[in-house]
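**Q** One structure coming up, written as structure tokens, with questions to follow.
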Amino acid sequence: MAGAWIIADNREQTLELLTIGRELATTMGTKLTALLWQDQELADDYISHGADEILLLPPLPEDQPPGAYIPVIADEAQKKDPDIILMASTVRGKEMAARIATRLNTGLCSNCIALNLGEDGKTVEMERLVFGGTAVQKVTCTVRPAMATIPLKTFEPAVKQEGRQGDIRELPAPAPSPVKILERKPRETEAKDISESRIVVCVGRGIEKEEDLALARKLAHALGGEIGCTRPISEENHWLPEELCIGISGISVKPDLYIGLGISGQVQHVTGIRDAKVICAVNTDENAPIFAAADYGIVGNLYDVVPKLIEAFKT
Ligand SMILES: Cc1cc2nc3c(=O)[nH]c(=O)nc-3n(C[C@H](O)[C@H](O)[C@H](O)COP(=O)(O)OP(=O)(O)OC[C@H]3O[C@@H](n4cnc5c(N)ncnc54)[C@H](O)[C@@H]3O)c2cc1C
């Protein structure tokens, strides 16, 4: 056994990958290695959260993209032959994972939500959602290393253990990438990140006009929550930014309370709310699929129901 590797952009993602990485490495009787390229001072922190070894990638010049690290990471993986490489399923992580897998001529399970060791104690069995979240696909990789990208929040962050020891090793500086960064500017968005919101009021096509979003906002405000939407509201009507779209092609939310207003409840949307603690739905159609996912359902016109809810929550 030659080890489990984890690669993520920042501390939050790394701590989540350390949880599953530590579990696999311990069961396999191998060591857990974390690659680190941004804040190199985090090396000791990652060791105290479960890593046995840190591979430091030297900082890149300003005009170099993180993709410049790919040949260095792939070369090291070829030398050390890890059993498994786990990466965070972010835009950057997914792109880098695919390019590393290609260099290593191995398979990659994208958006993996569970990993287990097979009966032989060696084969890694990976699971991912398919068909819009209606089925779970089991994937085993028959070549080394097995690779997977893991969505954020799939695992709890690793817990600090006092007194852990580990090795820190520096990898060579990468050769200059032919891709150069000419300018960096923050992405313009008016949307708040609602993936961590405690209360989410979500609007669907049952809302007739853009101005009527004010009603949903008022309800969210009365509850101290935020608003989200279905894909038609952001992608077709452009009434809300795409960052607020909940579902398989948007974000996943885990609120204590989700209230869906005029939402049919198609699987592509419901996939994004499966971890909500309580789901409430308001819909005129008593056969709307959202009611099958809901803990509380109100069959009614949202234009009648929402003002009453606002009044009730105000008092
Ligand atoms: C590959 C793919 C990916 C997708 N990804 C996503 C995704 O990430 N997120 C997502 O949301 N969708 C996604 N979709 C689209 C998804 O399939 C549905 O089309 C979408 O979720 C439907 O949105 P909706 O519920 O707002 O609209 P509709 O399905 O049109 O439902 C509107 C509902 O409002 C009710 N209604 C109407 N008037 C009122 C009223 N006055 N009061 C109360 N209820 C009323 C109706 O009875 C109806 O049930 C995806 C589709 C595909 C093919």
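Just so we're on the same page: first chain in the structure tokens is A, next is B, and so on; residues restart at 1 for each chain, and ligands are numbered from 1 in the order they show up.
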Which residues sit within 9 Å of ligand 1, counting only C-alpha atoms and all ligand atoms, listed as a ChimeraX atom specification?

**A** /A:131-132,203-208,229-234,245-252,260-272,281-290,298-305

**Q** So which residues touch Gln64 of chain A within 9 Å, counting only C-alpha atoms, skipping near sequence neighbours fewer than 5 positions away, as a list of chain:residue names?

**A**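 The residues satisfying every condition are A:Pro176, A:Ser177, A:Pro178, A:Val179, A:Lys180, A:Ile181.
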
**Q** List every residue of segment 75-228 of chain A that DSSP, applied to the backbone of this structure, assigns to helix (DSSP H, G or I), and report them as a PyMOL selection string.

**A** chain A and resi 75-80+91-104+210-223

**Q** Report the distance between atom CA of Val253 of chain A and atom CA of Pro66 of chain A in Å, rounded to one decimal place.

**A**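 Taking atom CA of Val253 of chain A as the start and atom CA of Pro66 of chain A as the end point, the length is 28.5 Å.
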
**Q** Please identify all polymer residues within 7 Å of Glu226 of chain A, counting only C-alpha atoms, omitting same-chain residues fewer than 4 positions from it, and present them as a ChimeraX atom specification.

**A** /A:194,197,199-201,220

**Q** Can you list, as number ranges by chain, every protein, DNA or RNA residue that comes within 9 Å of Pro172 of chain A when you count only C-alpha atoms, leaving out same-chain residues fewer than 4 positions away?

**A** A: 56-58, 72

**Q** Could the residues in this selection be written to a file with N, CA and C atoms, as a PDB file, in the first residue's frame?

**A**
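In the end it all went to out-v1.pdb:
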ATOM      1  N   LEU A  56       4.726  20.048   0.120  1.00  0.00           N
ATOM      2  CA  LEU A  56       4.585  21.485  -0.138  1.00  0.00           C
ATOM      3  C   LEU A  56       4.927  21.796  -1.587  1.00  0.00           C
ATOM      4  N   LEU A  57       4.018  22.465  -2.245  1.00  0.00           N
ATOM      5  CA  LEU A  57       4.305  22.927  -3.599  1.00  0.00           C
ATOM      6  C   LEU A  57       4.745  24.379  -3.491  1.00  0.00           C
ATOM      7  N   PRO A  58       5.915  24.742  -4.036  1.00  0.00           N
ATOM      8  CA  PRO A  58       6.407  26.115  -3.860  1.00  0.00           C
ATOM      9  C   PRO A  58       5.434  27.134  -4.452  1.00  0.00           C
ATOM     10  N   VAL A  72       4.105  18.492 -11.851  1.00  0.00           N
ATOM     11  CA  VAL A  72       4.847  18.152 -10.630  1.00  0.00           C
ATOM     12  C   VAL A  72       4.063  17.114  -9.816  1.00  0.00           C
TER      13      VAL A  72
END

**Q** Nearest to Asp81 of chain A among A:Ile47, A:Ala2, A:Val159, A:Leu35, with distances taken over only C-alpha atoms: which residue is it?

**A**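 The answer is A:Ala2, which sits nearest to Asp81 of chain A.
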
**Q** I need the residue nearest Tyr46 of chain A from this list: A:Asp167, A:Glu62, A:Glu95, A:Glu236. Use only C-alpha atoms for the distance.

**A**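 Among A:Asp167, A:Glu62, A:Glu95, A:Glu236, it is A:Asp167 that comes nearest to Tyr46 of chain A.
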